[in-house]
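K.L.:
I am sharing data01.tsv, which consists of TSV, N, CA and C atoms and all ligand atoms:
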chain	number	residue	atom	x	y	z
J	1	MET	N	-16.91	-4.28	-17.81
J	1	MET	CA	-15.77	-5.05	-17.33
J	1	MET	C	-16.14	-6.53	-17.22
J	2	ALA	N	-15.17	-7.34	-17.38
J	2	ALA	CA	-15.43	-8.78	-17.39
J	2	ALA	C	-14.75	-9.46	-16.21
J	3	HIS	N	-14.56	-8.71	-15.11
J	3	HIS	CA	-13.88	-9.30	-13.97
J	3	HIS	C	-14.66	-10.49	-13.44
J	4	GLY	N	-13.94	-11.49	-13.02
J	4	GLY	CA	-14.58	-12.65	-12.43
J	4	GLY	C	-15.03	-13.67	-13.44
J	5	ARG	N	-14.92	-13.34	-14.71
J	5	ARG	CA	-15.29	-14.33	-15.73
J	5	ARG	C	-14.00	-14.89	-16.31
J	6	SER	N	-14.07	-16.12	-16.72
J	6	SER	CA	-12.85	-16.74	-17.20
J	6	SER	C	-12.74	-16.62	-18.72
J	7	ILE	N	-11.52	-16.48	-19.15
J	7	ILE	CA	-11.23	-16.38	-20.58
J	7	ILE	C	-10.83	-17.77	-21.08
J	8	ASP	N	-11.32	-18.11	-22.25
J	8	ASP	CA	-10.87	-19.35	-22.91
J	8	ASP	C	-9.61	-19.00	-23.69
J	9	PHE	N	-8.46	-19.01	-22.98
J	9	PHE	CA	-7.22	-18.54	-23.59
J	9	PHE	C	-6.83	-19.35	-24.82
J	10	SER	N	-7.06	-20.65	-24.78
J	10	SER	CA	-6.66	-21.46	-25.93
J	10	SER	C	-7.47	-21.06	-27.17
J	11	TYR	N	-8.75	-20.73	-26.94
J	11	TYR	CA	-9.58	-20.30	-28.07
J	11	TYR	C	-9.11	-18.94	-28.59
J	12	VAL	N	-8.87	-18.00	-27.65
J	12	VAL	CA	-8.43	-16.67	-28.06
J	12	VAL	C	-7.11	-16.75	-28.81
J	13	LYS	N	-6.18	-17.57	-28.31
J	13	LYS	CA	-4.88	-17.69	-28.96
J	13	LYS	C	-5.00	-18.27	-30.36
J	14	ALA	N	-6.03	-19.08	-30.56
J	14	ALA	CA	-6.25	-19.64	-31.90
J	14	ALA	C	-6.83	-18.59	-32.84
J	15	GLN	N	-7.48	-17.56	-32.27
J	15	GLN	CA	-8.12	-16.52	-33.08
J	15	GLN	C	-7.20	-15.34	-33.36
J	16	VAL	N	-6.33	-15.04	-32.39
J	16	VAL	CA	-5.51	-13.83	-32.46
J	16	VAL	C	-4.12	-14.20	-32.95
J	17	THR	N	-3.72	-13.62	-34.08
J	17	THR	CA	-2.38	-13.91	-34.60
J	17	THR	C	-1.40	-12.81	-34.20
J	18	MET	N	-0.13	-13.14	-34.27
J	18	MET	CA	0.91	-12.16	-34.02
J	18	MET	C	0.76	-10.99	-34.98
J	19	THR	N	0.38	-11.29	-36.22
J	19	THR	CA	0.19	-10.23	-37.21
J	19	THR	C	-0.90	-9.26	-36.77
J	20	ASP	N	-1.97	-9.78	-36.19
J	20	ASP	CA	-3.06	-8.93	-35.69
J	20	ASP	C	-2.53	-7.94	-34.66
J	21	VAL	N	-1.75	-8.47	-33.69
J	21	VAL	CA	-1.25	-7.64	-32.60
J	21	VAL	C	-0.27	-6.59	-33.12
J	22	LEU	N	0.62	-7.00	-34.02
J	22	LEU	CA	1.61	-6.05	-34.55
J	22	LEU	C	0.91	-4.94	-35.32
J	23	ARG	N	-0.19	-5.27	-35.97
J	23	ARG	CA	-0.95	-4.25	-36.70
J	23	ARG	C	-1.59	-3.28	-35.71
J	24	LEU	N	-2.18	-3.82	-34.63
J	24	LEU	CA	-2.85	-2.97	-33.65
J	24	LEU	C	-1.88	-2.02	-32.95
J	25	ILE	N	-0.68	-2.51	-32.66
J	25	ILE	CA	0.28	-1.65	-31.96
J	25	ILE	C	1.12	-0.85	-32.95
J	26	GLU	N	0.79	-0.99	-34.25
J	26	GLU	CA	1.42	-0.23	-35.33
J	26	GLU	C	2.94	-0.40	-35.36
J	27	TRP	N	3.36	-1.67	-35.19
J	27	TRP	CA	4.79	-1.98	-35.28
J	27	TRP	C	5.10	-2.46	-36.68
J	28	ARG	N	6.21	-1.97	-37.20
J	28	ARG	CA	6.61	-2.41	-38.55
J	28	ARG	C	8.03	-2.94	-38.53
J	29	PRO	N	8.25	-4.05	-39.20
J	29	PRO	CA	9.60	-4.65	-39.23
J	29	PRO	C	10.54	-3.82	-40.08
J	30	THR	N	11.81	-3.94	-39.76
J	30	THR	CA	12.82	-3.27	-40.59
J	30	THR	C	13.41	-4.23	-41.61
J	31	ARG	N	13.15	-5.52	-41.41
J	31	ARG	CA	13.67	-6.50	-42.36
J	31	ARG	C	12.74	-7.70	-42.34
J	32	LEU	N	12.43	-8.25	-43.51
J	32	LEU	CA	11.50	-9.36	-43.57
J	32	LEU	C	12.26	-10.68	-43.68
J	33	ALA	N	11.99	-11.58	-42.76
J	33	ALA	CA	12.55	-12.93	-42.77
J	33	ALA	C	11.66	-13.74	-41.84
J	34	ASP	N	12.05	-14.99	-41.54
J	34	ASP	CA	11.28	-15.78	-40.59
J	34	ASP	C	11.23	-15.03	-39.26
J	35	TRP	N	12.41	-14.60	-38.82
J	35	TRP	CA	12.49	-13.72	-37.66
J	35	TRP	C	12.65	-12.31	-38.18
J	36	VAL	N	11.67	-11.47	-37.97
J	36	VAL	CA	11.80	-10.08	-38.37
J	36	VAL	C	12.22	-9.27	-37.14
J	37	ARG	N	13.07	-8.30	-37.39
J	37	ARG	CA	13.62	-7.52	-36.27
J	37	ARG	C	13.32	-6.05	-36.44
J	38	GLY	N	13.27	-5.35	-35.34
J	38	GLY	CA	13.02	-3.93	-35.39
J	38	GLY	C	13.07	-3.34	-34.00
J	39	PRO	N	12.67	-2.10	-33.88
J	39	PRO	CA	12.68	-1.45	-32.58
J	39	PRO	C	11.70	-2.12	-31.61
J	40	CYS	N	12.11	-2.24	-30.35
J	40	CYS	CA	11.27	-2.92	-29.38
J	40	CYS	C	10.08	-2.04	-28.99
J	41	PRO	N	8.85	-2.54	-29.20
J	41	PRO	CA	7.67	-1.74	-28.85
J	41	PRO	C	7.39	-1.78	-27.35
J	42	VAL	N	8.10	-2.64	-26.61
J	42	VAL	CA	7.84	-2.76	-25.18
J	42	VAL	C	8.66	-1.72	-24.41
J	43	HIS	N	9.99	-1.67	-24.63
J	43	HIS	CA	10.78	-0.70	-23.90
J	43	HIS	C	11.09	0.55	-24.74
J	44	GLY	N	10.60	0.56	-25.98
J	44	GLY	CA	10.75	1.76	-26.79
J	44	GLY	C	12.14	1.96	-27.35
J	45	GLY	N	12.82	0.86	-27.68
J	45	GLY	CA	14.15	0.96	-28.25
J	45	GLY	C	14.12	1.49	-29.67
J	46	LYS	N	15.29	1.84	-30.16
J	46	LYS	CA	15.37	2.37	-31.52
J	46	LYS	C	16.16	1.44	-32.45
J	47	GLY	N	16.79	0.42	-31.91
J	47	GLY	CA	17.61	-0.47	-32.72
J	47	GLY	C	16.81	-1.63	-33.29
J	48	THR	N	17.46	-2.80	-33.36
J	48	THR	CA	16.79	-3.98	-33.91
J	48	THR	C	16.80	-5.10	-32.88
J	49	SER	N	16.64	-4.74	-31.61
J	49	SER	CA	16.73	-5.72	-30.53
J	49	SER	C	15.47	-6.57	-30.42
J	50	PHE	N	14.41	-6.14	-31.05
J	50	PHE	CA	13.15	-6.85	-30.96
J	50	PHE	C	13.02	-7.80	-32.15
J	51	ALA	N	12.84	-9.08	-31.85
J	51	ALA	CA	12.70	-10.08	-32.91
J	51	ALA	C	11.34	-10.76	-32.77
J	52	VAL	N	10.68	-10.93	-33.89
J	52	VAL	CA	9.37	-11.58	-33.86
J	52	VAL	C	9.30	-12.59	-34.99
J	53	ASN	N	8.75	-13.75	-34.67
J	53	ASN	CA	8.59	-14.81	-35.65
J	53	ASN	C	7.11	-14.94	-35.96
J	54	LEU	N	6.73	-14.48	-37.15
J	54	LEU	CA	5.31	-14.46	-37.51
J	54	LEU	C	4.78	-15.87	-37.71
J	55	ARG	N	5.65	-16.78	-38.14
J	55	ARG	CA	5.22	-18.15	-38.41
J	55	ARG	C	4.92	-18.87	-37.10
J	56	LEU	N	5.81	-18.69	-36.13
J	56	LEU	CA	5.63	-19.36	-34.83
J	56	LEU	C	4.77	-18.53	-33.88
J	57	GLY	N	4.60	-17.23	-34.19
J	57	GLY	CA	3.79	-16.38	-33.32
J	57	GLY	C	4.45	-16.06	-31.99
J	58	VAL	N	5.78	-15.91	-32.00
J	58	VAL	CA	6.49	-15.59	-30.76
J	58	VAL	C	7.38	-14.37	-30.98
J	59	TRP	N	7.74	-13.71	-29.88
J	59	TRP	CA	8.60	-12.53	-29.93
J	59	TRP	C	9.62	-12.61	-28.82
J	60	ARG	N	10.67	-11.81	-28.99
J	60	ARG	CA	11.72	-11.78	-27.98
J	60	ARG	C	12.46	-10.44	-28.08
J	61	CYS	N	12.68	-9.80	-26.95
J	61	CYS	CA	13.52	-8.60	-26.93
J	61	CYS	C	14.87	-8.99	-26.37
J	62	HIS	N	15.91	-8.77	-27.17
J	62	HIS	CA	17.27	-9.16	-26.76
J	62	HIS	C	17.99	-8.01	-26.07
J	63	SER	N	17.32	-6.91	-25.86
J	63	SER	CA	17.95	-5.77	-25.21
J	63	SER	C	17.41	-5.61	-23.79
J	64	ARG	N	16.90	-4.46	-23.48
J	64	ARG	CA	16.55	-4.12	-22.11
J	64	ARG	C	15.53	-5.08	-21.49
J	65	CYS	N	14.53	-5.48	-22.26
J	65	CYS	CA	13.46	-6.32	-21.70
J	65	CYS	C	13.95	-7.71	-21.32
J	66	GLN	N	14.73	-8.32	-22.21
J	66	GLN	CA	15.15	-9.72	-22.01
J	66	GLN	C	13.95	-10.61	-21.73
J	67	ARG	N	12.91	-10.40	-22.48
J	67	ARG	CA	11.73	-11.23	-22.30
J	67	ARG	C	11.03	-11.43	-23.63
J	68	GLY	N	10.10	-12.34	-23.64
J	68	GLY	CA	9.38	-12.63	-24.86
J	68	GLY	C	8.12	-13.39	-24.54
J	69	GLY	N	7.48	-13.90	-25.59
J	69	GLY	CA	6.26	-14.65	-25.36
J	69	GLY	C	5.43	-14.73	-26.63
J	70	ASP	N	4.14	-14.95	-26.43
J	70	ASP	CA	3.26	-15.06	-27.60
J	70	ASP	C	2.59	-13.71	-27.88
J	71	ALA	N	1.61	-13.74	-28.79
J	71	ALA	CA	0.97	-12.50	-29.23
J	71	ALA	C	0.25	-11.81	-28.07
J	72	LEU	N	-0.41	-12.59	-27.22
J	72	LEU	CA	-1.14	-12.01	-26.10
J	72	LEU	C	-0.18	-11.35	-25.11
J	73	ALA	N	0.93	-12.02	-24.86
J	73	ALA	CA	1.94	-11.47	-23.95
J	73	ALA	C	2.51	-10.18	-24.50
J	74	LEU	N	2.69	-10.10	-25.82
J	74	LEU	CA	3.21	-8.88	-26.43
J	74	LEU	C	2.23	-7.73	-26.24
J	75	TYR	N	0.96	-8.01	-26.50
J	75	TYR	CA	-0.04	-6.95	-26.36
J	75	TYR	C	-0.11	-6.47	-24.91
J	76	ALA	N	-0.03	-7.42	-23.99
J	76	ALA	CA	-0.06	-7.08	-22.57
J	76	ALA	C	1.15	-6.22	-22.20
J	77	ALA	N	2.32	-6.58	-22.72
J	77	ALA	CA	3.55	-5.86	-22.40
J	77	ALA	C	3.52	-4.45	-22.98
J	78	VAL	N	3.08	-4.32	-24.22
J	78	VAL	CA	3.08	-3.01	-24.88
J	78	VAL	C	2.05	-2.08	-24.24
J	79	THR	N	0.89	-2.63	-23.87
J	79	THR	CA	-0.17	-1.79	-23.31
J	79	THR	C	-0.07	-1.70	-21.79
J	80	LYS	N	0.98	-2.36	-21.21
J	80	LYS	CA	1.23	-2.30	-19.76
J	80	LYS	C	0.01	-2.71	-18.95
J	81	GLN	N	-0.56	-3.84	-19.33
J	81	GLN	CA	-1.72	-4.37	-18.63
J	81	GLN	C	-1.43	-5.81	-18.22
J	82	PRO	N	-2.13	-6.28	-17.19
J	82	PRO	CA	-2.06	-7.71	-16.90
J	82	PRO	C	-2.61	-8.49	-18.09
J	83	LEU	N	-2.18	-9.74	-18.18
J	83	LEU	CA	-2.57	-10.55	-19.34
J	83	LEU	C	-4.09	-10.62	-19.50
J	84	TYR	N	-4.79	-10.74	-18.37
J	84	TYR	CA	-6.25	-10.88	-18.44
J	84	TYR	C	-6.89	-9.64	-19.08
J	85	ALA	N	-6.56	-8.46	-18.54
J	85	ALA	CA	-7.15	-7.22	-19.05
J	85	ALA	C	-6.73	-6.97	-20.49
J	86	ALA	N	-5.48	-7.28	-20.80
J	86	ALA	CA	-4.99	-7.07	-22.16
J	86	ALA	C	-5.73	-7.97	-23.14
J	87	THR	N	-5.99	-9.20	-22.72
J	87	THR	CA	-6.68	-10.14	-23.61
J	87	THR	C	-8.11	-9.69	-23.87
J	88	ILE	N	-8.78	-9.20	-22.81
J	88	ILE	CA	-10.14	-8.68	-22.98
J	88	ILE	C	-10.16	-7.53	-23.98
J	89	GLU	N	-9.20	-6.60	-23.82
J	89	GLU	CA	-9.14	-5.44	-24.71
J	89	GLU	C	-8.82	-5.86	-26.14
J	90	LEU	N	-7.87	-6.79	-26.27
J	90	LEU	CA	-7.47	-7.28	-27.59
J	90	LEU	C	-8.66	-7.93	-28.30
J	91	CYS	N	-9.40	-8.74	-27.58
J	91	CYS	CA	-10.57	-9.40	-28.15
J	91	CYS	C	-11.59	-8.38	-28.63
J	92	ARG	N	-11.78	-7.33	-27.81
J	92	ARG	CA	-12.74	-6.29	-28.18
J	92	ARG	C	-12.30	-5.59	-29.46
J	93	ARG	N	-10.99	-5.27	-29.54
J	93	ARG	CA	-10.50	-4.54	-30.72
J	93	ARG	C	-10.51	-5.40	-31.97
J	94	LEU	N	-10.36	-6.72	-31.81
J	94	LEU	CA	-10.31	-7.60	-32.97
J	94	LEU	C	-11.65	-8.27	-33.25
J	95	GLY	N	-12.64	-8.02	-32.42
J	95	GLY	CA	-13.94	-8.63	-32.63
J	95	GLY	C	-13.97	-10.11	-32.33
J	96	VAL	N	-13.11	-10.54	-31.39
J	96	VAL	CA	-13.08	-11.94	-30.98
J	96	VAL	C	-13.84	-12.09	-29.68
J	97	GLU	N	-14.67	-13.10	-29.59
J	97	GLU	CA	-15.43	-13.35	-28.37
J	97	GLU	C	-14.56	-14.14	-27.40
J	98	PRO	N	-14.16	-13.52	-26.25
J	98	PRO	CA	-13.22	-14.19	-25.35
J	98	PRO	C	-13.83	-15.37	-24.61
J	99	GLN	N	-15.13	-15.34	-24.43
J	99	GLN	CA	-15.77	-16.49	-23.79
J	99	GLN	C	-16.49	-17.28	-24.88
J	100	ARG	N	-15.84	-18.37	-25.28
J	100	ARG	CA	-16.42	-19.16	-26.36
J	100	ARG	C	-17.76	-19.72	-25.92
J	101	LYS	N	-18.74	-19.52	-26.76
J	101	LYS	CA	-20.08	-20.05	-26.44
J	101	LYS	C	-20.12	-21.52	-26.82
J	102	ARG	N	-20.43	-22.34	-25.84
J	102	ARG	CA	-20.54	-23.77	-26.10
J	102	ARG	C	-22.00	-24.12	-26.33
J	103	ALA	N	-22.30	-24.63	-27.47
J	103	ALA	CA	-23.69	-24.95	-27.85
J	103	ALA	C	-24.19	-26.16	-27.04
C	1	ZN	ZN	12.58	-4.46	-25.18
If you took the structure in this file and wrote it as structure tokens, what would it be?
P.N.:
Amino acid sequence: MAHGRSIDFSYVKAQVTMTDVLRLIEWRPTRLADWVRGPCPVHGGKGTSFAVNLRLGVWRCHSRCQRGGDALALYAAVTKQPLYAATIELCRRLGVEPQRKRA
């Protein structure tokens, strides 16, 4: 566990793309465009209420959740973890070092 240690969020966000997170949570779009839409992986919807912009790296659920955010926030929401714990897990799964080593 990495409790009590700080995460370099700006570094992690530069390493982790929305595409990475969508692949990890096995979400697939139903239509390809700048904003791709599909079933919400957060509340488990079946329609197209979930919109994600791969270019901007942001997502939004227009249905039950009424919330959105960046790739880290999505992973935290889907895995039902606080942002800190979710980021640690995401880094581990993607092979990203959450504490950037400063030479
Ligand atoms: Zn939702």
K.L.:
For ligand ZN 1 (chain C), which of J:Gln66, J:Gln81, J:Thr30, J:Thr19 is the closest residue, counting all atoms listed in the file?
P.N.:
J:Gln66
K.L.:
List as number ranges by chain the protein and nucleic acid residues near Pro29 (chain J), meaning an atom at most 7 Å away when only N, CA and C atoms are counted, but skip any in the same chain fewer than 3 places from it.
P.N.:
J: 32, 36-39
K.L.:
Go ahead and dump the residues you just picked, N, CA and C atoms, as an mmCIF file, keeping the file's coordinate frame.
P.N.:
data_model
loop_
_atom_site.group_PDB
_atom_site.id
_atom_site.type_symbol
_atom_site.label_atom_id
_atom_site.label_comp_id
_atom_site.auth_asym_id
_atom_site.auth_seq_id
_atom_site.Cartn_x
_atom_site.Cartn_y
_atom_site.Cartn_z
ATOM 1 N N LEU J 32 12.430 -8.250 -43.510
ATOM 2 C CA LEU J 32 11.500 -9.360 -43.570
ATOM 3 C C LEU J 32 12.260 -10.680 -43.680
ATOM 4 N N VAL J 36 11.670 -11.470 -37.970
ATOM 5 C CA VAL J 36 11.800 -10.080 -38.370
ATOM 6 C C VAL J 36 12.220 -9.270 -37.140
ATOM 7 N N ARG J 37 13.070 -8.300 -37.390
ATOM 8 C CA ARG J 37 13.620 -7.520 -36.270
ATOM 9 C C ARG J 37 13.320 -6.050 -36.440
ATOM 10 N N GLY J 38 13.270 -5.350 -35.340
ATOM 11 C CA GLY J 38 13.020 -3.930 -35.390
ATOM 12 C C GLY J 38 13.070 -3.340 -34.000
ATOM 13 N N PRO J 39 12.670 -2.100 -33.880
ATOM 14 C CA PRO J 39 12.680 -1.450 -32.580
ATOM 15 C C PRO J 39 11.700 -2.120 -31.610
#
K.L.:
Would you mind reading off the distance between CA of Val52 (chain J) and atom N of Leu83 (chain J), one decimal, in Å?
P.N.:
19.6 Å
K.L.:
What box, with edges along x, y and z, holds each listed atom of region 67-83 of chain J when 3 Å is added on every side, and can you state its centre and edge lengths in Å to one decimal, as lines of an AutoDock Vina configuration file?
P.N.:
center_x = 4.4
center_y = -8.4
center_z = -23.1
size_x = 23.0
size_y = 19.4
size_z = 18.3
K.L.:
Under the rule that only C-alpha atoms are counted, which of J:Tyr84, J:Arg5, J:Thr79, J:Gly45 is the nearest residue to Ser63 (chain J)?
P.N.:
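Nearest to Ser63 (chain J): J:Gly45.
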K.L.:
If we count only C-alpha atoms and set the cut-off at 8 Å, which residues sit around Asn53 (chain J), ignoring sequence neighbours fewer than 3 positions away in its own chain? Please answer as a list in words.
P.N.:
Asp34, Trp35, Val36, Leu56, Gly57, Val58 and Trp59 of chain J
K.L.:
Can you spit out the residues from that selection as a CSV table (one decimal), in the coordinates of the input, using N, CA and C atoms?
P.N.:
chain,number,residue,atom,x,y,z
J,34,ASP,N,12.0,-15.0,-41.5
J,34,ASP,CA,11.3,-15.8,-40.6
J,34,ASP,C,11.2,-15.0,-39.3
J,35,TRP,N,12.4,-14.6,-38.8
J,35,TRP,CA,12.5,-13.7,-37.7
J,35,TRP,C,12.6,-12.3,-38.2
J,36,VAL,N,11.7,-11.5,-38.0
J,36,VAL,CA,11.8,-10.1,-38.4
J,36,VAL,C,12.2,-9.3,-37.1
J,56,LEU,N,5.8,-18.7,-36.1
J,56,LEU,CA,5.6,-19.4,-34.8
J,56,LEU,C,4.8,-18.5,-33.9
J,57,GLY,N,4.6,-17.2,-34.2
J,57,GLY,CA,3.8,-16.4,-33.3
J,57,GLY,C,4.4,-16.1,-32.0
J,58,VAL,N,5.8,-15.9,-32.0
J,58,VAL,CA,6.5,-15.6,-30.8
J,58,VAL,C,7.4,-14.4,-31.0
J,59,TRP,N,7.7,-13.7,-29.9
J,59,TRP,CA,8.6,-12.5,-29.9
J,59,TRP,C,9.6,-12.6,-28.8
K.L.:
List every residue of chain J that has an atom at most 8 Å from any atom of ligand ZN 1 (chain C), and for each one report the closest atom pair and its distance in Å to one decimal, counting all atoms listed in the file, with rows sorted by chain and then by increasing residue number, as CSV.
P.N.:
residue,atom,partner,partner_atom,distance
J:Pro39,C,C:ZN1,ZN,6.9
J:Cys40,CA,C:ZN1,ZN,4.7
J:Pro41,N,C:ZN1,ZN,5.8
J:Val42,C,C:ZN1,ZN,4.8
J:His43,N,C:ZN1,ZN,3.8
J:Gly44,N,C:ZN1,ZN,5.5
J:Gly45,N,C:ZN1,ZN,5.9
J:Ser49,C,C:ZN1,ZN,6.3
J:Phe50,CA,C:ZN1,ZN,6.3
J:Arg60,C,C:ZN1,ZN,6.6
J:Cys61,CA,C:ZN1,ZN,4.6
J:His62,N,C:ZN1,ZN,5.8
J:Ser63,C,C:ZN1,ZN,5.2
J:Arg64,N,C:ZN1,ZN,4.6
J:Cys65,N,C:ZN1,ZN,3.7
J:Gln66,N,C:ZN1,ZN,5.3
J:Arg67,N,C:ZN1,ZN,6.5
K.L.:
I'd like the contact shell of region 10-14 of chain J - 8 Å cut-off, all atoms listed in the file, skipping same-chain residues fewer than 4 positions apart - returned as a ChimeraX atom specification.
P.N.:
/J:71-72,91,96-100
K.L.:
By how many Å are atom C of Met18 (chain J) and CA of Leu54 (chain J) apart?
P.N.:
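One can read the atom C of Met18 (chain J) to CA of Leu54 (chain J) distance as 6.3 Å.
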K.L.:
If you run DSSP over the backbone, which residues in chain J end up alpha helix (DSSP H)? Put them as a ChimeraX atom specification.
P.N.:
/J:9-15,18-24,71-78,83-94
K.L.:
Among chain J, which residues does DSSP mark as strand (DSSP E) when it is run on the backbone? Keep the chain and numbering as in the structure and answer as a PDB file with N, CA and C atoms, keeping the file's coordinate frame.
P.N.:
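Below you can see result-v7.pdb, which holds the result:
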ATOM      1  N   TRP J  35      12.410 -14.600 -38.820  1.00  0.00           N
ATOM      2  CA  TRP J  35      12.490 -13.720 -37.660  1.00  0.00           C
ATOM      3  C   TRP J  35      12.650 -12.310 -38.180  1.00  0.00           C
ATOM      4  N   VAL J  36      11.670 -11.470 -37.970  1.00  0.00           N
ATOM      5  CA  VAL J  36      11.800 -10.080 -38.370  1.00  0.00           C
ATOM      6  C   VAL J  36      12.220  -9.270 -37.140  1.00  0.00           C
ATOM      7  N   ARG J  37      13.070  -8.300 -37.390  1.00  0.00           N
ATOM      8  CA  ARG J  37      13.620  -7.520 -36.270  1.00  0.00           C
ATOM      9  C   ARG J  37      13.320  -6.050 -36.440  1.00  0.00           C
ATOM     10  N   GLY J  38      13.270  -5.350 -35.340  1.00  0.00           N
ATOM     11  CA  GLY J  38      13.020  -3.930 -35.390  1.00  0.00           C
ATOM     12  C   GLY J  38      13.070  -3.340 -34.000  1.00  0.00           C
ATOM     13  N   PHE J  50      14.410  -6.140 -31.050  1.00  0.00           N
ATOM     14  CA  PHE J  50      13.150  -6.850 -30.960  1.00  0.00           C
ATOM     15  C   PHE J  50      13.020  -7.800 -32.150  1.00  0.00           C
ATOM     16  N   ALA J  51      12.840  -9.080 -31.850  1.00  0.00           N
ATOM     17  CA  ALA J  51      12.700 -10.080 -32.910  1.00  0.00           C
ATOM     18  C   ALA J  51      11.340 -10.760 -32.770  1.00  0.00           C
ATOM     19  N   VAL J  52      10.680 -10.930 -33.890  1.00  0.00           N
ATOM     20  CA  VAL J  52       9.370 -11.580 -33.860  1.00  0.00           C
ATOM     21  C   VAL J  52       9.300 -12.590 -34.990  1.00  0.00           C
ATOM     22  N   ASN J  53       8.750 -13.750 -34.670  1.00  0.00           N
ATOM     23  CA  ASN J  53       8.590 -14.810 -35.650  1.00  0.00           C
ATOM     24  C   ASN J  53       7.110 -14.940 -35.960  1.00  0.00           C
ATOM     25  N   VAL J  58       5.780 -15.910 -32.000  1.00  0.00           N
ATOM     26  CA  VAL J  58       6.490 -15.590 -30.760  1.00  0.00           C
ATOM     27  C   VAL J  58       7.380 -14.370 -30.980  1.00  0.00           C
ATOM     28  N   TRP J  59       7.740 -13.710 -29.880  1.00  0.00           N
ATOM     29  CA  TRP J  59       8.600 -12.530 -29.930  1.00  0.00           C
ATOM     30  C   TRP J  59       9.620 -12.610 -28.820  1.00  0.00           C
ATOM     31  N   ARG J  60      10.670 -11.810 -28.990  1.00  0.00           N
ATOM     32  CA  ARG J  60      11.720 -11.780 -27.980  1.00  0.00           C
ATOM     33  C   ARG J  60      12.460 -10.440 -28.080  1.00  0.00           C
ATOM     34  N   CYS J  61      12.680  -9.800 -26.950  1.00  0.00           N
ATOM     35  CA  CYS J  61      13.520  -8.600 -26.930  1.00  0.00           C
ATOM     36  C   CYS J  61      14.870  -8.990 -26.370  1.00  0.00           C
ATOM     37  N   GLY J  68      10.100 -12.340 -23.640  1.00  0.00           N
ATOM     38  CA  GLY J  68       9.380 -12.630 -24.860  1.00  0.00           C
ATOM     39  C   GLY J  68       8.120 -13.390 -24.540  1.00  0.00           C
ATOM     40  N   GLY J  69       7.480 -13.900 -25.590  1.00  0.00           N
ATOM     41  CA  GLY J  69       6.260 -14.650 -25.360  1.00  0.00           C
ATOM     42  C   GLY J  69       5.430 -14.730 -26.630  1.00  0.00           C
ATOM     43  N   ASP J  70       4.140 -14.950 -26.430  1.00  0.00           N
ATOM     44  CA  ASP J  70       3.260 -15.060 -27.600  1.00  0.00           C
ATOM     45  C   ASP J  70       2.590 -13.710 -27.880  1.00  0.00           C
TER      46      ASP J  70
END
K.L.:
Measuring between only C-alpha atoms, which one of J:Leu22, J:Arg93, J:Gln15, J:Gly47 shows the shortest distance to Tyr75 (chain J)?
P.N.:
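That would be J:Leu22, the residue with the smallest distance to Tyr75 (chain J).
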K.L.:
One decimal, Å: what's the distance from atom N of Arg23 (chain J) over to CA of Thr87 (chain J), could you say?
P.N.:
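Going from atom N of Arg23 (chain J) over to CA of Thr87 (chain J), I get 14.8 Å.
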